[in-house]
Structures are given as structure tokens and as C-alpha cells.
Amino acid sequence: MSLPRHLTPPDDARQEAARALSLHLRGASQLLIEAVGGVVDTVESMHRNISGLAPIVGPSRQGPTRGITGLVYRSVRGISRAVGVGIDLSLAKFTPLLEHQGVSPKNERALATLNGVLGDYLVATGNPLAISMAFRKDGYPLKLCRESLARAFPEPSSRLLVMVHGLCMNDLLWQRGHHNHGDQLALSLGYTPLYLHYNSGRHVSTNGREFADRLEQLLQAWPVPVDDLVIIGHSMGGLLSRSACHYGRAAGHSWPDRLSKLVFLGTPHHGSPLERVGNQVDTLAGVSPYVAPIGRLGKIRSAGVKDLRHGNILDEDWQAIEPDHPHDARTAVTLPEGTECFAIAATTQPAPRGDRTYSGGDGLVPVMSALGLHDDAKRVLPIPASHQSVFYGVNHFDLLDSPQVYERIYGWLSQTIR
């Protein structure tokens, strides 16, 4: 049985949650006004090209429309901005009256999805809907100071298990039905589980660098000395963990020396074909000036989503590269030294009758990518065959609660700790 998921937050947590709810409402109003502006820009661009009889194939006409038409579009933008200011002021005054009754899984899912798709934009515009990275317990953020952690974990273990969710997800989604890998491993093997919550729309490397810093703060503030650290990353969470290992070593952090095991669940080490298809569709949409304004809407995919095209985990994988560059320009990064790494892949196909094959995937990530295999020998991740598992008839999200997957993780983690 999994640990109970009930937590009565202290008064300061309730106040912080109420403040967060107010900021989220104001952020939603801000995003709505910006969305109206984006739609107006798209319509005006199409209007300009159609009225100007632009060629079917070629560049779009630039600049705003003129005359009465231009005045109409400018007026709509001005009105939407004025409405936004009024809503923002009203919500600011309403903040003291807000009451928060606890964490809402439904709201958390919506917020996580929004951040996954637009997270980098939310950060760039200062929108309060942008998720701030934090370790959480039952949906409430933990302060990384010894006293606060001691109150949150009255019986802290010297063995920490950090769970890292994937794109458009949040820490609460590790709980599927009555099962949670982290909580179950805590009961069975004596770990204290912590759940990372982060904005999955930011670049993986940006999150990876911050995750490395947070882990260092966590180990320094933990109430008892940490003897062992294990990380389990699902999907993008595995890329984020590899990125953190790289930047943690580069920064001279101490936590990488305590990281004994790193488990990847459906991690797109070499990218996801769905993002590559999305990029190709966007490129084709930009060929015609009549379709280009709508095609630009497809380009709002976040930096985090675009990192999944090939599995970027370093800054240099994207800083000097065009956002829609179709080729794999990654720097080859090996697995963290001194850490046992394990990879679990899934495929929706039934188990083969003969020799095992690595065709297909879990609906989002190909088996080859999840196992770190690649046609280019320089990019293959050296994960031993004994540390790999492929589960058939399982999709990407079934990895979170499959009993067979749990048993495999348990078997790996129950081995003698180095």
C-alpha cells in the first residue's frame, strides 16, 4: 500500500497558497489579453496578404494595414489592453478575500499543461502562471532550510529518492490510482521521497542547471547526513536529470558523488519523432503567405518541447542554433561517472514470439531512444543490457503505475548500494 497523501498545511502554507491563487488569476487575465492581441495580429496579417493579392508561394507582406482597417485593428488592441489593466487592479484588491481549501489536482494539471506548452513565454512576460521550481510534498513546496525540512519529515532517512516528472506534468501525477512508485519504494526500501515540480516549457538545460543547484541546497539542509541519493526521471524528467548531473559536476557540487542510481522511465534520450514531425509541418506552413500567419501559431511550442526534437540537455545544443533547425546538432554527453544508470522503455506492441526487437514505442518515445541506443556509435549511451528493460503492451503513461515496471525498479534499487 502507498503512503497516505493527506497533508494539513500550516498557516504560512495556506497564506502562500492563497497568494499563489490570486497571482494565478491575474496571470490568467494577462494571458487572455495577450491571446486576444495574438489573434488580432494573425487576422490582420491574413487580411493584409489577401487584400494585397500576395503570390501563392513566397514571403508574407510586412507591416500593418492602413486606413480605416488599420484603425479598427489598433482600436481592438487598445481596448483589450485597457480591459486587462482593469481586471488586474480588481484581482489585486480581491486577494485578501481569497480562501484556499487545499491543492486541486485538476488545477495543477491545467497549470502544468499550460507551462509545458507556453512555459518559456510565461517566464519571458513575467506571468504569475509560470511555475517556479521546487521540491514538493503532497503538492506543497518545501523550504530548503533544516528547520522547515525537519518539520515536514519528522523521521528523515539518510537515503533520498527524488522523483522528476515529464513534460506538461506535475509531481502529483506520480500518484496513479492507489499506486505511487516513490511512496511504495519509501515503504519497501526506507527512502524518503521528494518530488520535483518545475516549468517543463523552459529549456531542459535551464531547468537542469537550476535542478543541480536545488539538489545541492537540499543535501546541505537535510536534517541528517545523506548517505545515498537516487533519482527516477519519467520522460523529460530523465533528460533534466542528465542535464543536472552535467552542470552539478561542472559547478563542483557534492551531490553527484552521492548519486548512486539514476533510473530513466520512457526518456527520449535521442528525441521524439512527434516533435520532429511538428517542426516539419511548421516549415511547410511558412511556404505560403496565406497560410504563414496561421502557421506561426504552431511555432509557439515552448523551448522545452523543441528540446525534445533530438533530446537537447546542454545550453550549447540550442544557443547558437536556429529554433526550428531540423538536424541533430547536440553535443554528445555520456552518463554520469560513478552512477549506475538504468533504462526502461515501453512499446504498445505485443511481445514478440522470437528474438526481442526494438521496434515501435510507447506512443511518444521510440524504444531505441528510451534505451539510449543510436545509429551513431558516438551517441549511444553505455547502459548495460542487464540495466535495460522493455515492457510490451504498455504506453508512455502506464510506466507510472505498471506493477511490472515497479517490480523491476524495486529489484534494481534493492541491490547492494555502493
# chains A, B, ... in the order shown; residues from 1 in each chain; ligands from 1
call {"tool": "select_by_dssp", "arguments": {"residues": "stretch 111-276 of chain A", "states": "alpha helix (DSSP H)", "output": "PyMOL selection string"}}
result
chain A and resi 111-124+146-152+181-189+204-221+236-250+273-276
call {"tool": "residues_around", "arguments": {"residues": "A:Met133", "least_positions_apart": "3", "cutoff": "7 Å", "atoms": "only C-alpha atoms", "output": "PyMOL selection string"}}
result
chain A and resi 197-199
call {"tool": "write_last_selection", "arguments": {"atoms": "N, CA and C atoms", "output": "short mmCIF file (atom, residue, chain, number, x, y, z; two decimals), in the first residue's frame"}}
result
data_model
loop_
_atom_site.label_atom_id
_atom_site.label_comp_id
_atom_site.auth_asym_id
_atom_site.auth_seq_id
_atom_site.Cartn_x
_atom_site.Cartn_y
_atom_site.Cartn_z
N HIS A 197 8.96 19.74 -8.77
CA HIS A 197 7.92 20.42 -9.53
C HIS A 197 8.61 21.52 -10.32
N TYR A 198 8.41 21.57 -11.63
CA TYR A 198 9.14 22.55 -12.43
C TYR A 198 8.34 22.93 -13.68
N ASN A 199 8.75 24.02 -14.29
CA ASN A 199 8.16 24.54 -15.52
C ASN A 199 8.77 23.79 -16.70
#
call {"tool": "select_by_dssp", "arguments": {"residues": "stretch 150-356 of chain A", "states": "strand (DSSP E or B)", "output": "CSV table (one decimal) with N, CA and C atoms, in the first residue's frame"}}
result
chain,number,residue,atom,x,y,z
A,159,ARG,N,18.7,8.2,3.2
A,159,ARG,CA,18.6,7.8,1.8
A,159,ARG,C,17.5,8.6,1.1
A,160,LEU,N,17.8,9.4,0.1
A,160,LEU,CA,16.8,10.2,-0.5
A,160,LEU,C,16.5,9.7,-1.9
A,161,LEU,N,15.2,9.8,-2.2
A,161,LEU,CA,14.7,9.4,-3.6
A,161,LEU,C,14.0,10.6,-4.2
A,162,VAL,N,14.5,11.1,-5.3
A,162,VAL,CA,14.0,12.3,-5.9
A,162,VAL,C,13.2,11.8,-7.2
A,163,MET,N,12.0,12.2,-7.3
A,163,MET,CA,11.1,11.8,-8.5
A,163,MET,C,11.0,13.1,-9.3
A,164,VAL,N,11.2,12.9,-10.7
A,164,VAL,CA,11.2,14.0,-11.6
A,164,VAL,C,10.2,13.8,-12.7
A,175,GLN,N,1.1,9.9,-8.6
A,175,GLN,CA,0.1,9.1,-7.9
A,175,GLN,C,-0.9,8.7,-9.0
A,176,ARG,N,-1.0,7.4,-9.3
A,176,ARG,CA,-2.0,6.9,-10.3
A,176,ARG,C,-2.8,5.9,-9.6
A,179,HIS,N,-1.5,3.8,-6.5
A,179,HIS,CA,-0.1,3.5,-6.5
A,179,HIS,C,0.8,4.7,-6.8
A,180,ASN,N,1.9,4.8,-6.2
A,180,ASN,CA,2.9,5.8,-6.4
A,180,ASN,C,4.3,5.1,-6.2
A,192,THR,N,13.4,8.3,1.8
A,192,THR,CA,12.5,9.5,1.9
A,192,THR,C,12.3,10.0,0.5
A,193,PRO,N,11.0,10.0,0.0
A,193,PRO,CA,10.8,10.5,-1.3
A,193,PRO,C,10.5,12.0,-1.4
A,194,LEU,N,11.1,12.7,-2.3
A,194,LEU,CA,10.8,14.1,-2.6
A,194,LEU,C,10.4,14.2,-4.1
A,195,TYR,N,9.5,15.2,-4.4
A,195,TYR,CA,9.0,15.3,-5.7
A,195,TYR,C,9.3,16.6,-6.3
A,196,LEU,N,10.0,16.7,-7.4
A,196,LEU,CA,10.4,17.9,-8.1
A,196,LEU,C,9.2,18.4,-8.9
A,197,HIS,N,9.0,19.7,-8.8
A,197,HIS,CA,7.9,20.4,-9.5
A,197,HIS,C,8.6,21.5,-10.3
A,228,ASP,N,23.0,8.3,0.6
A,228,ASP,CA,22.7,7.8,-0.7
A,228,ASP,C,21.6,8.6,-1.3
A,229,LEU,N,21.7,8.9,-2.6
A,229,LEU,CA,20.8,9.7,-3.4
A,229,LEU,C,20.4,8.9,-4.7
A,230,VAL,N,19.1,8.7,-4.9
A,230,VAL,CA,18.6,8.1,-6.1
A,230,VAL,C,17.6,9.0,-6.8
A,231,ILE,N,17.7,9.1,-8.2
A,231,ILE,CA,16.8,9.9,-8.9
A,231,ILE,C,16.1,9.0,-9.9
A,232,ILE,N,14.7,9.2,-10.0
A,232,ILE,CA,13.9,8.5,-11.0
A,232,ILE,C,13.3,9.6,-11.9
A,233,GLY,N,13.6,9.6,-13.2
A,233,GLY,CA,13.0,10.6,-14.1
A,233,GLY,C,12.1,9.9,-15.1
A,234,HIS,N,10.9,10.5,-15.3
A,234,HIS,CA,10.0,10.0,-16.3
A,234,HIS,C,10.0,10.9,-17.5
A,259,LEU,N,25.1,10.3,-5.7
A,259,LEU,CA,24.1,9.8,-6.6
A,259,LEU,C,24.5,8.4,-7.0
A,260,SER,N,23.9,7.4,-6.3
A,260,SER,CA,24.2,6.0,-6.6
A,260,SER,C,23.5,5.4,-7.8
A,261,LYS,N,22.3,5.8,-8.0
A,261,LYS,CA,21.5,5.2,-9.1
A,261,LYS,C,20.6,6.3,-9.8
A,262,LEU,N,20.5,6.1,-11.1
A,262,LEU,CA,19.6,7.0,-11.9
A,262,LEU,C,18.8,6.2,-12.8
A,263,VAL,N,17.5,6.2,-12.6
A,263,VAL,CA,16.5,5.4,-13.4
A,263,VAL,C,15.7,6.2,-14.4
A,264,PHE,N,15.8,5.8,-15.6
A,264,PHE,CA,15.0,6.5,-16.7
A,264,PHE,C,13.8,5.7,-17.1
A,265,LEU,N,12.6,6.4,-17.1
A,265,LEU,CA,11.4,5.8,-17.5
A,265,LEU,C,10.9,6.4,-18.8
A,340,GLU,N,25.2,4.3,-11.3
A,340,GLU,CA,24.6,3.2,-12.0
A,340,GLU,C,23.3,3.7,-12.7
A,341,CYS,N,23.3,3.6,-14.0
A,341,CYS,CA,22.1,4.1,-14.8
A,341,CYS,C,21.3,2.9,-15.3
A,342,PHE,N,20.0,3.1,-15.3
A,342,PHE,CA,19.0,2.1,-15.7
A,342,PHE,C,18.0,2.7,-16.6
A,343,ALA,N,17.6,2.0,-17.6
A,343,ALA,CA,16.6,2.5,-18.6
A,343,ALA,C,15.5,1.5,-18.8
A,344,ILE,N,14.3,2.1,-18.7
A,344,ILE,CA,13.1,1.3,-19.0
A,344,ILE,C,12.4,1.9,-20.2
A,345,ALA,N,12.1,1.1,-21.2
A,345,ALA,CA,11.3,1.5,-22.4
A,345,ALA,C,10.0,0.7,-22.5
A,346,ALA,N,9.1,1.3,-23.2
A,346,ALA,CA,7.8,0.7,-23.3
A,346,ALA,C,7.4,0.7,-24.8
A,347,THR,N,6.6,-0.3,-25.2
A,347,THR,CA,6.0,-0.3,-26.5
A,347,THR,C,4.6,-0.8,-26.4
call {"tool": "residues_around", "arguments": {"residues": "A:Gly266", "least_positions_apart": "5", "cutoff": "12 Å", "atoms": "only C-alpha atoms", "output": "JSON, numbers by chain"}}
result
{"A": [165, 166, 167, 232, 233, 234, 235, 236, 237, 238, 239, 271, 272, 342, 343, 344, 345, 346, 347, 361, 362, 363, 364, 365, 366, 367, 368, 369, 370, 371, 372, 388, 389, 390, 391, 394, 395, 396, 397, 398, 399, 400, 405]}
call {"tool": "residues_around", "arguments": {"residues": "A:Ser157", "least_positions_apart": "3", "cutoff": "9 Å", "atoms": "only C-alpha atoms", "output": "list in words"}}
result
Phe153, Leu160, Gly190, Tyr191, Thr192, Pro223, Val224, Pro225 and Val226 of chain A
call {"tool": "residues_around", "arguments": {"residues": "A:Ser414", "least_positions_apart": "3", "cutoff": "12 Å", "atoms": "only C-alpha atoms", "output": "PDB file with N, CA and C atoms, in the first residue's frame"}}
result
ATOM      1  N   LEU A 185       8.342   2.717  -2.831  1.00  0.00           N
ATOM      2  CA  LEU A 185       9.760   2.448  -2.600  1.00  0.00           C
ATOM      3  C   LEU A 185      10.200   2.951  -1.223  1.00  0.00           C
ATOM      4  N   ALA A 186       9.558   4.020  -0.764  1.00  0.00           N
ATOM      5  CA  ALA A 186       9.855   4.523   0.580  1.00  0.00           C
ATOM      6  C   ALA A 186       9.465   3.487   1.631  1.00  0.00           C
ATOM      7  N   SER A 188       9.084   0.215   1.132  1.00  0.00           N
ATOM      8  CA  SER A 188       9.785  -1.052   0.946  1.00  0.00           C
ATOM      9  C   SER A 188      11.277  -0.976   1.225  1.00  0.00           C
ATOM     10  N   LEU A 189      11.901   0.174   0.910  1.00  0.00           N
ATOM     11  CA  LEU A 189      13.360   0.258   0.974  1.00  0.00           C
ATOM     12  C   LEU A 189      13.875   1.354   1.895  1.00  0.00           C
ATOM     13  N   GLY A 190      12.972   2.066   2.541  1.00  0.00           N
ATOM     14  CA  GLY A 190      13.411   3.032   3.539  1.00  0.00           C
ATOM     15  C   GLY A 190      13.880   4.370   3.007  1.00  0.00           C
ATOM     16  N   TYR A 191      13.524   4.708   1.780  1.00  0.00           N
ATOM     17  CA  TYR A 191      13.869   6.022   1.250  1.00  0.00           C
ATOM     18  C   TYR A 191      12.913   7.090   1.784  1.00  0.00           C
ATOM     19  N   VAL A 230      19.104   8.747  -4.926  1.00  0.00           N
ATOM     20  CA  VAL A 230      18.611   8.072  -6.129  1.00  0.00           C
ATOM     21  C   VAL A 230      17.639   9.015  -6.831  1.00  0.00           C
ATOM     22  N   SER A 260      23.867   7.406  -6.344  1.00  0.00           N
ATOM     23  CA  SER A 260      24.243   6.009  -6.607  1.00  0.00           C
ATOM     24  C   SER A 260      23.531   5.444  -7.821  1.00  0.00           C
ATOM     25  N   LYS A 261      22.259   5.810  -8.027  1.00  0.00           N
ATOM     26  CA  LYS A 261      21.482   5.234  -9.113  1.00  0.00           C
ATOM     27  C   LYS A 261      20.608   6.305  -9.780  1.00  0.00           C
ATOM     28  N   TYR A 406       7.219  -1.370 -11.642  1.00  0.00           N
ATOM     29  CA  TYR A 406       7.619  -1.129 -10.245  1.00  0.00           C
ATOM     30  C   TYR A 406       8.532  -2.238  -9.739  1.00  0.00           C
ATOM     31  N   GLU A 407       8.173  -3.479 -10.016  1.00  0.00           N
ATOM     32  CA  GLU A 407       8.985  -4.602  -9.538  1.00  0.00           C
ATOM     33  C   GLU A 407      10.392  -4.556 -10.109  1.00  0.00           C
ATOM     34  N   ARG A 408      10.507  -4.103 -11.373  1.00  0.00           N
ATOM     35  CA  ARG A 408      11.827  -4.013 -11.970  1.00  0.00           C
ATOM     36  C   ARG A 408      12.654  -2.916 -11.289  1.00  0.00           C
ATOM     37  N   ILE A 409      12.019  -1.780 -11.031  1.00  0.00           N
ATOM     38  CA  ILE A 409      12.719  -0.691 -10.327  1.00  0.00           C
ATOM     39  C   ILE A 409      13.119  -1.136  -8.934  1.00  0.00           C
ATOM     40  N   TYR A 410      12.191  -1.797  -8.243  1.00  0.00           N
ATOM     41  CA  TYR A 410      12.474  -2.290  -6.892  1.00  0.00           C
ATOM     42  C   TYR A 410      13.670  -3.239  -6.904  1.00  0.00           C
ATOM     43  N   GLY A 411      13.706  -4.142  -7.900  1.00  0.00           N
ATOM     44  CA  GLY A 411      14.809  -5.086  -7.986  1.00  0.00           C
ATOM     45  C   GLY A 411      16.149  -4.388  -8.173  1.00  0.00           C
ATOM     46  N   ILE A 417      23.855  -1.185  -2.208  1.00  0.00           N
ATOM     47  CA  ILE A 417      24.231   0.192  -2.516  1.00  0.00           C
ATOM     48  C   ILE A 417      25.752   0.309  -2.455  1.00  0.00           C
ATOM     49  N   ARG A 418      26.322   0.971  -3.438  1.00  0.00           N
ATOM     50  CA  ARG A 418      27.785   1.094  -3.460  1.00  0.00           C
ATOM     51  C   ARG A 418      28.262   1.913  -2.267  1.00  0.00           C
TER      52      ARG A 418
END
call {"tool": "atom_distance", "arguments": {"atom1": "atom CA of A:Leu381", "atom2": "atom CA of A:Asn170"}}
result
27.0 Å
call {"tool": "closest_residue", "arguments": {"among": "A:Arg242, A:His181, A:Arg146, A:Arg379", "to": "A:Thr267", "atoms": "only C-alpha atoms"}}
result
A:Arg242
call {"tool": "closest_residue", "arguments": {"among": "A:Ala212, A:Ala303, A:Ala124, A:Ala221", "to": "A:Ala251", "atoms": "only C-alpha atoms"}}
result
A:Ala212
call {"tool": "residues_around", "arguments": {"residues": "A:Arg330", "least_positions_apart": "6", "cutoff": "12 Å", "atoms": "only C-alpha atoms", "output": "number ranges by chain"}}
result
A: 269-271, 307-321, 378-379
call {"tool": "closest_residue", "arguments": {"among": "A:Ser205, A:Gly119, A:Tyr392, A:Leu274", "to": "A:Gln349", "atoms": "only C-alpha atoms"}}
result
A:Tyr392
call {"tool": "residues_around", "arguments": {"residues": "A:Ala130", "least_positions_apart": "5", "cutoff": "9 Å", "atoms": "only C-alpha atoms", "output": "ChimeraX atom specification"}}
result
/A:24,27,111,114-115,118-123,199
